[in-house]
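Heads up, coords-v5.cif below (mmCIF, C-alpha atoms):
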```cif
data_coords
#
loop_
_atom_site.label_atom_id
_atom_site.label_comp_id
_atom_site.auth_asym_id
_atom_site.auth_seq_id
_atom_site.Cartn_x
_atom_site.Cartn_y
_atom_site.Cartn_z
CA MET A 13 -22.16 3.86 -49.06
CA SER A 14 -21.34 7.21 -47.50
CA HIS A 15 -18.47 5.69 -45.44
CA PRO A 16 -17.15 2.81 -47.49
CA THR A 17 -14.00 2.58 -45.38
CA ALA A 18 -15.58 2.78 -41.94
CA GLY A 19 -14.91 -0.93 -41.42
CA PRO A 20 -11.13 -0.98 -41.95
CA SER A 21 -10.72 2.42 -40.30
CA ARG A 22 -12.52 1.21 -37.22
CA ARG A 23 -10.28 -1.81 -37.13
CA LEU A 24 -7.26 0.46 -37.38
CA PHE A 25 -8.69 2.63 -34.63
CA ALA A 26 -9.19 -0.41 -32.42
CA ALA A 27 -5.64 -1.52 -33.16
CA ALA A 28 -4.35 1.94 -32.25
CA CYS A 29 -6.26 1.82 -28.98
CA ALA A 30 -4.84 -1.62 -28.20
CA ALA A 31 -1.34 -0.35 -28.98
CA LEU A 32 -2.00 2.64 -26.77
CA ALA A 33 -3.10 0.47 -23.88
CA ALA A 34 -0.18 -1.90 -24.31
CA ALA A 35 2.33 0.94 -24.45
CA ALA A 36 0.88 3.17 -21.77
CA LEU A 37 0.07 0.64 -19.09
CA PRO A 38 3.58 -0.59 -18.28
CA LEU A 39 4.78 3.02 -18.07
CA GLY A 40 3.11 5.50 -15.79
CA ALA A 41 0.42 3.11 -14.68
CA ALA A 42 3.08 1.14 -12.85
CA ARG A 43 3.17 4.02 -10.43
CA ALA A 44 -0.46 3.86 -9.38
CA GLN A 45 -1.49 0.26 -9.72
CA ALA A 46 -0.43 -3.13 -11.00
CA ALA A 47 -2.34 -6.16 -12.11
CA GLY A 48 -3.08 -6.68 -8.43
CA LYS A 49 -3.56 -4.26 -5.57
CA PRO A 50 -4.04 -0.54 -6.08
CA ASN A 51 -1.38 0.50 -3.54
CA ARG A 52 2.14 -0.81 -3.16
CA VAL A 53 4.71 0.19 -0.58
CA VAL A 54 8.25 -1.02 -0.02
CA LEU A 55 9.81 -0.31 3.37
CA GLN A 56 13.55 -0.28 4.00
CA VAL A 57 15.21 -1.62 7.15
CA SER A 58 18.95 -0.99 7.17
CA ASP A 59 19.68 0.13 10.73
CA ALA A 60 20.98 -2.08 13.55
CA ASP A 61 18.28 -0.65 15.78
CA PRO A 62 15.46 -2.84 17.14
CA GLN A 63 13.28 0.26 17.61
CA LYS A 64 13.51 0.86 13.85
CA TRP A 65 12.51 -2.75 13.25
CA THR A 66 9.40 -2.32 15.38
CA LEU A 67 8.70 0.99 13.68
CA ALA A 68 8.94 -0.54 10.19
CA LEU A 69 6.48 -3.26 11.17
CA SER A 70 4.02 -0.79 12.68
CA ASN A 71 4.39 1.46 9.61
CA ALA A 72 3.36 -1.49 7.47
CA TYR A 73 0.34 -2.23 9.66
CA ASN A 74 -0.65 1.42 9.57
CA VAL A 75 -0.77 1.31 5.79
CA GLN A 76 -2.88 -1.86 5.95
CA ASN A 77 -5.22 -0.20 8.45
CA GLY A 78 -5.39 2.96 6.39
CA VAL A 79 -6.34 1.49 3.04
CA GLY A 80 -7.42 -2.03 4.00
CA ALA A 81 -5.19 -5.10 3.92
CA ASP A 82 -6.71 -6.10 0.58
CA GLY A 83 -5.90 -2.71 -0.88
CA VAL A 84 -2.16 -2.71 -0.48
CA GLU A 85 0.86 -4.84 -1.26
CA LEU A 86 3.63 -4.37 1.30
CA GLU A 87 7.23 -5.53 1.35
CA ILE A 88 9.89 -4.94 3.99
CA VAL A 89 13.43 -5.18 2.59
CA VAL A 90 16.04 -5.90 5.25
CA TYR A 91 19.72 -5.43 4.50
CA GLY A 92 23.08 -4.21 5.75
CA PRO A 93 23.25 -3.39 9.45
CA GLY A 94 19.50 -4.15 9.69
CA ILE A 95 19.91 -7.86 9.00
CA GLY A 96 19.70 -8.76 12.70
CA MET A 97 15.97 -8.12 12.46
CA LEU A 98 15.63 -11.43 10.61
CA ARG A 99 18.19 -13.60 12.41
CA ASN A 100 17.13 -16.40 14.70
CA GLY A 101 16.64 -14.95 18.16
CA SER A 102 15.64 -11.55 16.79
CA PRO A 103 13.80 -9.53 19.45
CA VAL A 104 11.02 -8.94 16.88
CA ALA A 105 10.78 -12.56 15.68
CA ASP A 106 7.15 -12.94 16.80
CA ARG A 107 6.16 -9.65 15.22
CA VAL A 108 7.80 -10.62 11.94
CA ALA A 109 5.85 -13.89 11.94
CA SER A 110 2.59 -12.02 12.61
CA ALA A 111 3.31 -9.52 9.88
CA MET A 112 3.89 -12.28 7.33
CA LYS A 113 0.63 -13.93 8.40
CA SER A 114 -1.17 -10.67 7.74
CA GLY A 115 0.19 -10.57 4.19
CA ILE A 116 3.25 -8.38 4.57
CA ALA A 117 6.25 -9.75 2.64
CA VAL A 118 9.54 -9.71 4.53
CA VAL A 119 12.74 -10.33 2.57
CA ALA A 120 16.41 -10.56 3.55
CA CYS A 121 19.36 -9.47 1.40
CA GLU A 122 21.59 -12.38 0.39
CA ASN A 123 24.53 -10.04 -0.26
CA THR A 124 24.43 -9.02 3.38
CA MET A 125 24.09 -12.63 4.52
CA THR A 126 27.16 -13.64 2.51
CA ALA A 127 29.17 -10.73 3.93
CA GLN A 128 28.16 -11.72 7.45
CA LYS A 129 28.59 -15.48 6.84
CA LEU A 130 24.92 -16.15 7.48
CA THR A 131 23.00 -19.01 5.88
CA LYS A 132 19.26 -19.53 5.65
CA ARG A 133 19.51 -21.78 8.72
CA ASP A 134 20.57 -18.71 10.69
CA MET A 135 17.44 -16.82 9.68
CA LEU A 136 13.84 -16.70 10.83
CA PRO A 137 11.56 -19.28 9.18
CA ASP A 138 9.39 -18.48 6.18
CA ILE A 139 10.97 -15.17 5.25
CA GLY A 140 11.79 -14.39 1.63
CA TYR A 141 15.17 -13.71 0.08
CA VAL A 142 16.44 -11.31 -2.57
CA PRO A 143 19.92 -11.31 -4.12
CA ALA A 144 20.55 -7.64 -3.19
CA GLY A 145 18.39 -5.45 -0.97
CA VAL A 146 19.28 -2.21 -2.76
CA VAL A 147 18.50 -3.69 -6.16
CA GLU A 148 15.12 -4.82 -4.81
CA LEU A 149 14.43 -1.28 -3.54
CA MET A 150 15.36 0.10 -6.97
CA LYS A 151 13.20 -2.40 -8.86
CA ARG A 152 10.17 -1.83 -6.67
CA GLN A 153 10.38 1.91 -7.29
CA GLN A 154 10.77 1.28 -11.02
CA GLN A 155 7.59 -0.81 -10.81
CA GLY A 156 5.81 2.12 -9.19
CA TRP A 157 5.92 1.16 -5.53
CA ALA A 158 6.12 3.98 -3.00
CA TYR A 159 9.30 3.91 -0.91
CA ILE A 160 9.36 4.55 2.80
CA ARG A 161 12.44 4.46 4.98
CA PRO A 162 11.28 4.45 8.62
CA MET B 253 -9.78 -2.33 -55.05
CA SER B 254 -11.49 -3.86 -52.04
CA HIS B 255 -9.72 -1.39 -49.67
CA PRO B 256 -9.16 1.77 -51.68
CA THR B 257 -8.27 3.72 -48.53
CA ALA B 258 -5.87 1.28 -46.98
CA GLY B 259 -2.95 3.49 -47.99
CA PRO B 260 -3.97 6.75 -46.28
CA SER B 261 -5.45 4.91 -43.30
CA ARG B 262 -2.18 3.08 -42.78
CA ARG B 263 -0.31 6.35 -42.93
CA LEU B 264 -2.67 7.78 -40.33
CA PHE B 265 -2.18 4.69 -38.21
CA ALA B 266 1.59 5.08 -38.44
CA ALA B 267 1.25 8.74 -37.50
CA ALA B 268 -0.89 7.79 -34.51
CA CYS B 269 1.70 5.28 -33.42
CA ALA B 270 4.46 7.86 -33.72
CA ALA B 271 2.41 10.33 -31.70
CA LEU B 272 1.80 7.62 -29.15
CA ALA B 273 5.50 6.88 -28.82
CA ALA B 274 6.41 10.56 -28.63
CA ALA B 275 3.80 11.24 -25.97
CA ALA B 276 4.26 8.13 -23.89
CA LEU B 277 8.04 7.96 -23.72
CA PRO B 278 8.76 11.18 -21.83
CA LEU B 279 6.12 10.27 -19.25
CA GLY B 280 6.25 6.95 -17.51
CA ALA B 281 9.29 5.79 -19.41
CA ALA B 282 11.33 8.32 -17.46
CA ARG B 283 10.90 5.99 -14.55
CA ALA B 284 12.42 2.93 -16.15
CA GLN B 285 15.00 4.19 -18.60
CA ALA B 286 16.48 7.30 -20.14
CA ALA B 287 18.44 7.88 -23.29
CA GLY B 288 21.27 6.07 -21.52
CA LYS B 289 21.27 3.31 -18.97
CA PRO B 290 18.20 1.28 -18.08
CA ASN B 291 18.55 1.72 -14.30
CA ARG B 292 19.22 4.89 -12.36
CA VAL B 293 19.62 5.27 -8.63
CA VAL B 294 20.34 8.34 -6.52
CA LEU B 295 21.66 7.76 -3.00
CA GLN B 296 21.43 10.33 -0.21
CA VAL B 297 24.16 10.94 2.36
CA SER B 298 23.08 13.46 4.99
CA ASP B 299 24.34 11.98 8.26
CA ALA B 300 27.59 12.91 10.03
CA ASP B 301 28.32 9.22 10.39
CA PRO B 302 31.30 7.60 8.62
CA GLN B 303 29.58 4.21 8.82
CA LYS B 304 26.74 5.64 6.73
CA TRP B 305 29.28 6.95 4.22
CA THR B 306 30.78 3.47 3.84
CA LEU B 307 27.30 1.99 3.64
CA ALA B 308 26.25 4.38 0.86
CA LEU B 309 29.32 3.47 -1.16
CA SER B 310 28.78 -0.26 -0.71
CA ASN B 311 25.09 0.16 -1.57
CA ALA B 312 26.16 1.76 -4.85
CA TYR B 313 28.60 -1.08 -5.59
CA ASN B 314 25.90 -3.62 -4.79
CA VAL B 315 23.64 -2.09 -7.41
CA GLN B 316 26.51 -2.18 -9.92
CA ASN B 317 27.19 -5.81 -9.06
CA GLY B 318 23.51 -6.68 -9.24
CA VAL B 319 22.69 -5.28 -12.66
CA GLY B 320 26.15 -4.73 -14.16
CA ALA B 321 28.09 -1.46 -14.04
CA ASP B 322 27.02 -0.75 -17.62
CA GLY B 323 23.39 -1.23 -16.69
CA VAL B 324 23.03 1.47 -14.07
CA GLU B 325 23.68 5.15 -13.56
CA LEU B 326 24.48 5.96 -9.93
CA GLU B 327 24.81 9.25 -8.09
CA ILE B 328 25.57 9.88 -4.44
CA VAL B 329 24.31 13.27 -3.22
CA VAL B 330 26.12 14.50 -0.11
CA TYR B 331 24.69 17.39 1.89
CA GLY B 332 23.99 18.80 5.33
CA PRO B 333 25.64 16.99 8.22
CA GLY B 334 26.99 14.43 5.71
CA ILE B 335 29.32 16.88 4.00
CA GLY B 336 32.37 15.64 5.95
CA MET B 337 32.32 12.57 3.70
CA LEU B 338 33.75 14.73 0.92
CA ARG B 339 36.13 17.03 2.83
CA ASN B 340 39.85 16.67 2.53
CA GLY B 341 41.00 14.15 5.10
CA SER B 342 37.70 12.24 4.95
CA PRO B 343 38.13 8.73 6.37
CA VAL B 344 36.53 7.39 3.18
CA ALA B 345 38.57 9.51 0.74
CA ASP B 346 40.14 6.48 -0.95
CA ARG B 347 36.80 4.74 -1.29
CA VAL B 348 35.22 7.83 -2.80
CA ALA B 349 38.05 7.98 -5.37
CA SER B 350 37.57 4.29 -6.22
CA ALA B 351 33.82 4.73 -6.55
CA MET B 352 34.24 7.61 -9.00
CA LYS B 353 36.70 5.52 -11.02
CA SER B 354 34.08 2.79 -11.26
CA GLY B 355 31.59 5.24 -12.71
CA ILE B 356 29.63 6.31 -9.63
CA ALA B 357 28.99 10.07 -9.57
CA VAL B 358 29.62 11.78 -6.23
CA VAL B 359 28.34 15.32 -5.76
CA ALA B 360 28.54 17.82 -2.91
CA CYS B 361 25.89 20.42 -2.01
CA GLU B 362 27.13 23.99 -2.48
CA ASN B 363 24.45 25.31 -0.10
CA THR B 364 25.96 23.22 2.66
CA MET B 365 29.49 24.30 1.73
CA THR B 366 28.51 27.97 1.92
CA ALA B 367 26.85 27.45 5.31
CA GLN B 368 29.98 25.71 6.59
CA LYS B 369 32.39 28.19 4.92
CA LEU B 370 33.91 25.47 2.76
CA THR B 371 35.40 26.10 -0.67
CA LYS B 372 36.24 23.62 -3.39
CA ARG B 373 39.84 23.65 -2.13
CA ASP B 374 38.57 22.11 1.09
CA MET B 375 37.00 19.21 -0.76
CA LEU B 376 38.20 15.92 -2.23
CA PRO B 377 39.51 16.17 -5.79
CA ASP B 378 37.38 15.36 -8.84
CA ILE B 379 34.00 15.30 -7.08
CA GLY B 380 31.02 17.04 -8.64
CA TYR B 381 28.98 19.91 -7.25
CA VAL B 382 25.28 20.76 -7.24
CA PRO B 383 23.75 24.06 -6.06
CA ALA B 384 21.43 22.31 -3.58
CA GLY B 385 21.49 18.66 -2.55
CA VAL B 386 17.76 18.45 -1.87
CA VAL B 387 16.90 20.02 -5.21
CA GLU B 388 19.14 17.45 -6.89
CA LEU B 389 17.34 14.62 -5.06
CA MET B 390 14.01 16.07 -6.18
CA LYS B 391 15.08 16.46 -9.80
CA ARG B 392 16.49 12.97 -10.04
CA GLN B 393 13.23 11.51 -8.79
CA GLN B 394 11.31 13.67 -11.26
CA GLN B 395 13.55 12.21 -13.98
CA GLY B 396 12.62 8.72 -12.85
CA TRP B 397 15.61 7.76 -10.75
CA ALA B 398 15.00 5.46 -7.80
CA TYR B 399 15.84 7.04 -4.44
CA ILE B 400 17.67 5.23 -1.68
CA ARG B 401 18.59 6.71 1.65
CA PRO B 402 21.07 4.32 3.35
CA MET C 103 -11.77 12.17 -55.05
CA SER C 104 -8.34 10.69 -54.54
CA HIS C 105 -8.89 10.37 -50.74
CA PRO C 106 -12.60 9.85 -50.30
CA THR C 107 -12.14 8.71 -46.71
CA ALA C 108 -9.82 11.41 -45.48
CA GLY C 109 -12.67 12.99 -43.51
CA PRO C 110 -13.71 10.05 -41.34
CA SER C 111 -10.11 8.85 -41.01
CA ARG C 112 -9.04 12.24 -39.75
CA ARG C 113 -11.85 12.20 -37.24
CA LEU C 114 -10.71 8.78 -36.11
CA PHE C 115 -7.16 10.05 -35.89
CA ALA C 116 -8.29 13.01 -33.78
CA ALA C 117 -10.25 10.65 -31.55
CA ALA C 118 -7.18 8.43 -31.16
CA CYS C 119 -5.09 11.46 -30.19
CA ALA C 120 -7.67 12.54 -27.63
CA ALA C 121 -7.74 9.03 -26.20
CA LEU C 122 -3.97 9.07 -26.09
CA ALA C 123 -3.87 12.36 -24.22
CA ALA C 124 -6.56 11.26 -21.80
CA ALA C 125 -4.79 8.00 -21.07
CA ALA C 126 -1.23 9.26 -20.94
CA LEU C 127 -1.62 12.45 -18.92
CA PRO C 128 -2.80 10.98 -15.63
CA LEU C 129 0.02 8.45 -15.75
CA GLY C 130 3.58 9.62 -16.04
CA ALA C 131 2.66 13.27 -16.02
CA ALA C 132 1.72 12.91 -12.37
CA ARG C 133 5.41 12.55 -11.67
CA ALA C 134 6.51 15.86 -13.11
CA GLN C 135 3.66 18.27 -12.51
CA ALA C 136 0.09 18.61 -11.33
CA ALA C 137 -2.59 21.16 -11.95
CA GLY C 138 -0.60 23.47 -9.68
CA LYS C 139 3.11 23.88 -9.09
CA PRO C 140 5.72 22.21 -11.26
CA ASN C 141 7.69 20.71 -8.36
CA ARG C 142 6.36 18.84 -5.36
CA VAL C 143 8.32 17.41 -2.48
CA VAL C 144 7.18 15.55 0.62
CA LEU C 145 9.60 15.38 3.54
CA GLN C 146 9.43 12.77 6.28
CA VAL C 147 10.13 13.46 9.95
CA SER C 148 10.02 10.29 12.05
CA ASP C 149 13.00 10.63 14.39
CA ALA C 150 12.87 11.89 17.99
CA ASP C 151 15.79 14.15 17.18
CA PRO C 152 15.44 17.95 17.22
CA GLN C 153 18.43 18.26 14.88
CA LYS C 154 16.49 16.26 12.31
CA TRP C 155 13.52 18.58 12.78
CA THR C 156 15.70 21.60 12.05
CA LEU C 157 17.25 19.79 9.12
CA ALA C 158 13.86 18.95 7.61
CA LEU C 159 12.80 22.59 7.84
CA SER C 160 16.02 23.85 6.28
CA ASN C 161 15.76 21.20 3.55
CA ALA C 162 12.32 22.57 2.72
CA TYR C 163 13.62 26.14 2.59
CA ASN C 164 16.50 25.04 0.39
CA VAL C 165 14.05 23.63 -2.15
CA GLN C 166 12.09 26.91 -2.04
CA ASN C 167 15.29 28.87 -2.52
CA GLY C 168 16.44 26.59 -5.32
CA VAL C 169 13.36 26.69 -7.51
CA GLY C 170 11.44 29.66 -6.10
CA ALA C 171 8.71 29.46 -3.46
CA ASP C 172 6.10 29.76 -6.21
CA GLY C 173 7.65 26.86 -8.09
CA VAL C 174 7.29 24.15 -5.48
CA GLU C 175 4.69 22.60 -3.23
CA LEU C 176 6.21 21.29 0.00
CA GLU C 177 4.78 19.14 2.76
CA ILE C 178 6.46 17.89 5.92
CA VAL C 179 4.83 14.73 7.31
CA VAL C 180 5.54 14.19 11.00
CA TYR C 181 4.82 10.84 12.61
CA GLY C 182 6.00 8.16 15.03
CA PRO C 183 8.93 9.14 17.24
CA GLY C 184 9.11 12.47 15.37
CA ILE C 185 5.78 13.73 16.71
CA GLY C 186 7.46 15.85 19.41
CA MET C 187 8.40 18.28 16.64
CA LEU C 188 4.78 19.45 16.58
CA ARG C 189 3.85 19.31 20.28
CA ASN C 190 3.34 22.45 22.30
CA GLY C 191 6.68 23.50 23.68
CA SER C 192 8.57 22.02 20.72
CA PRO C 193 12.09 23.50 20.50
CA VAL C 194 11.36 24.29 16.84
CA ALA C 195 7.89 25.79 17.40
CA ASP C 196 8.89 29.20 16.03
CA ARG C 197 10.54 27.68 12.98
CA VAL C 198 7.48 25.56 12.25
CA ALA C 199 5.31 28.69 12.40
CA SER C 200 7.67 30.53 10.03
CA ALA C 201 7.75 27.61 7.62
CA MET C 202 3.96 27.49 7.44
CA LYS C 203 3.88 31.25 6.81
CA SER C 204 6.24 30.73 3.88
CA GLY C 205 3.87 28.20 2.35
CA ILE C 206 5.28 24.91 3.60
CA ALA C 207 2.55 22.52 4.76
CA VAL C 208 3.23 20.76 8.05
CA VAL C 209 1.02 17.82 9.01
CA ALA C 210 0.87 15.53 12.03
CA CYS C 211 -0.13 11.86 12.01
CA GLU C 212 -3.34 11.21 13.95
CA ASN C 213 -2.44 7.52 14.36
CA THR C 214 0.65 8.57 16.29
CA MET C 215 -1.33 11.10 18.34
CA THR C 216 -3.85 8.44 19.35
CA ALA C 217 -1.07 6.03 20.32
CA GLN C 218 0.56 8.72 22.43
CA LYS C 219 -2.76 10.02 23.86
CA LEU C 220 -2.28 13.43 22.28
CA THR C 221 -5.15 15.67 21.22
CA LYS C 222 -5.10 18.68 18.93
CA ARG C 223 -4.92 20.87 22.05
CA ASP C 224 -1.51 19.33 22.75
CA MET C 225 -0.20 20.37 19.35
CA LEU C 226 1.21 23.54 17.80
CA PRO C 227 -1.43 25.89 16.38
CA ASP C 228 -2.38 25.92 12.69
CA ILE C 229 -0.69 22.67 11.69
CA GLY C 230 -2.51 20.19 9.49
CA TYR C 231 -3.50 16.63 10.29
CA VAL C 232 -3.55 13.39 8.31
CA PRO C 233 -5.09 10.09 9.47
CA ALA C 234 -1.82 8.17 8.95
CA GLY C 235 1.59 9.61 8.15
CA VAL C 236 2.78 6.60 6.19
CA VAL C 237 -0.37 6.55 4.05
CA GLU C 238 0.18 10.24 3.32
CA LEU C 239 3.77 9.52 2.25
CA MET C 240 2.51 6.73 -0.01
CA LYS C 241 -0.22 8.85 -1.57
CA ARG C 242 2.07 11.78 -2.26
CA GLN C 243 4.50 9.49 -4.08
CA GLN C 244 1.61 7.99 -6.05
CA GLN C 245 0.66 11.54 -7.04
CA GLY C 246 4.20 12.12 -8.30
CA TRP C 247 5.76 13.99 -5.41
CA ALA C 248 9.46 13.45 -4.77
CA TYR C 249 10.21 11.92 -1.37
CA ILE C 250 13.02 13.05 0.86
CA ARG C 251 13.81 11.65 4.26
CA PRO C 252 16.28 14.01 5.96
#
```
I'd like the structure from this file rewritten - as structure tokens, please.
Amino acid sequence: MSHPTAGPSRRLFAAACAALAAAALPLGAARAQAAGKPNRVVLQVSDADPQKWTLALSNAYNVQNGVGADGVELEIVVYGPGIGMLRNGSPVADRVASAMKSGIAVVACENTMTAQKLTKRDMLPDIGYVPAGVVELMKRQQQGWAYIRP
Amino acid sequence: MSHPTAGPSRRLFAAACAALAAAALPLGAARAQAAGKPNRVVLQVSDADPQKWTLALSNAYNVQNGVGADGVELEIVVYGPGIGMLRNGSPVADRVASAMKSGIAVVACENTMTAQKLTKRDMLPDIGYVPAGVVELMKRQQQGWAYIRP
Amino acid sequence: MSHPTAGPSRRLFAAACAALAAAALPLGAARAQAAGKPNRVVLQVSDADPQKWTLALSNAYNVQNGVGADGVELEIVVYGPGIGMLRNGSPVADRVASAMKSGIAVVACENTMTAQKLTKRDMLPDIGYVPAGVVELMKRQQQGWAYIRP
């Protein structure tokens, strides 16, 4: 009977630890890792320059090669003057398809498409879409993704 | 009398929770929200390219449109070769004025102005100033702002 | 005897605080400061444009001037089309040497060197090397460094 309250105190301690985990994880931990892969990188394509498109794709592969494809979540956000990268007939259409097969997400900005009177039929197959490329880039950083603008 | 220490233990638990909140909030929370708006984005303009100036402004509007003007704090940092965006006679002078009216902060780098022998009389009215554009970009990221370089 | 359990509860409280500190510090704190300097900035050079090379170096100096050379850790990551900045005969060779003397780290991407059949003998003396420039940019951001792409 030396610690008559050890039981409830331990329960309180456990509750405090659970609260700690619940509060801390969505904060700083978002920077280093999520539920899924330990590394996350969002790449921006916003130039009307096919060399930049190729560079963004090879940057993504280099991250995969560096940390292992299973160790990184990658997303290429294409918007503004860069949108041609994802139009039908894009000079990097085959490379975009290969990248998606290797697990790299590629998304087009619907704001840009509307401004340029493009519909999904004008775009490469199987790509993803986001309402606004810049909002996507903001949200990914808020979620802890590293940002790279090739 | 089954839990004679429930009172003090609960007070300790409350104190632990308060300590948790105080410690956790200034850390990771800086990334997602501040005292003010839940989203914060700093945009960099450092190219001597009027198309980039227009793009930066429309990027800022697109974030406002995407999350609501009340839901985001936006700042455009103009420095180096980009400084012409904010000089008197800038081709985007009207757009800069409109952006500021809509709540987007626009700041010029005083380092760049000194290097180019510009004074505030050479600059667009009502813009803000920072001692060094790159230091501002660093500080905003330290404070949790997302960074976008159009 | 009004608080017979104050002792163990206080120990539990102290343990909770220690757990809190241990859990919280590696998270958000990474963003603002490390064991070393309070500010950390990584700069990207990936353009084949000597003006961008000069700009990246002056950006780094401007951060040093803004917060004091002792107050900031700086690293310039050179990769892809930017690699010429660090080749022998680079037009900014002298400036790179001066920057390194002032404490700015300058590192070349070995992926890029392999792709361009460059060896360390082809490169400026005393620079550093990283296996992949983009992975370095990702890791630095994960460690809380601000990212600037001039």
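If you count only C-alpha atoms and ignore residues fewer than 5 places along the chain from Lys154 of chain C, what sits within 10 Å of it is Asp299 of chain B; Gln146, Val147, Ser148, Asp149, Leu159, Ser160, Gly184, Met187, Arg251 and Pro252 of chain C.
A straight line drawn from atom CA of Val194 of chain C to atom CA of Val386 of chain B is 20.6 Å long.
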Which polymer residues have any atom within 8 Å of an atom of Val324 of chain B, counting only C-alpha atoms, with same-chain residues fewer than 5 positions away left out, as a PyMOL selection string? chain B and resi 289-293+315-316+319
For the PyMOL selection byres ((chain C and resi 218) around 12), applied here, can you spell out every residue it catches as a compact mmCIF listing (two decimals) with C-alpha atoms, in the frame of the given file?
```txt
# COMPACT_ATOMS: atom_id res chain seq x y z
CA TYR C 181 4.82 10.84 12.61
CA GLY C 182 6.00 8.16 15.03
CA PRO C 183 8.93 9.14 17.24
CA GLY C 184 9.11 12.47 15.37
CA ILE C 185 5.78 13.73 16.71
CA GLY C 186 7.46 15.85 19.41
CA ARG C 189 3.85 19.31 20.28
CA CYS C 211 -0.13 11.86 12.01
CA GLU C 212 -3.34 11.21 13.95
CA ASN C 213 -2.44 7.52 14.36
CA THR C 214 0.65 8.57 16.29
CA MET C 215 -1.33 11.10 18.34
CA THR C 216 -3.85 8.44 19.35
CA ALA C 217 -1.07 6.03 20.32
CA LYS C 219 -2.76 10.02 23.86
CA LEU C 220 -2.28 13.43 22.28
CA THR C 221 -5.15 15.67 21.22
CA LYS C 222 -5.10 18.68 18.93
CA ASP C 224 -1.51 19.33 22.75
```
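Here atom CA of Ala357 of chain B is placed at a distance of 10.1 Å from atom CA of Tyr381 of chain B.
Distance check against chain B using all atoms listed in the file: of A:Val54, A:Asn71, A:Pro103, A:Leu86, the minimum falls on A:Val54.
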Do a neighbour search on Gly168 of chain C at 9 Å with all atoms listed in the file, toss out local chain neighbours closer than 5 positions, and write the hits as a PyMOL selection string. (chain B and resi 383-384+386-387) or (chain C and resi 163)
In terms of the shortest atom-to-atom distance over all atoms listed in the file, which of C:Ala150, C:Ala201, C:Ser192, C:Ala162 is closest to chain A? C:Ala150
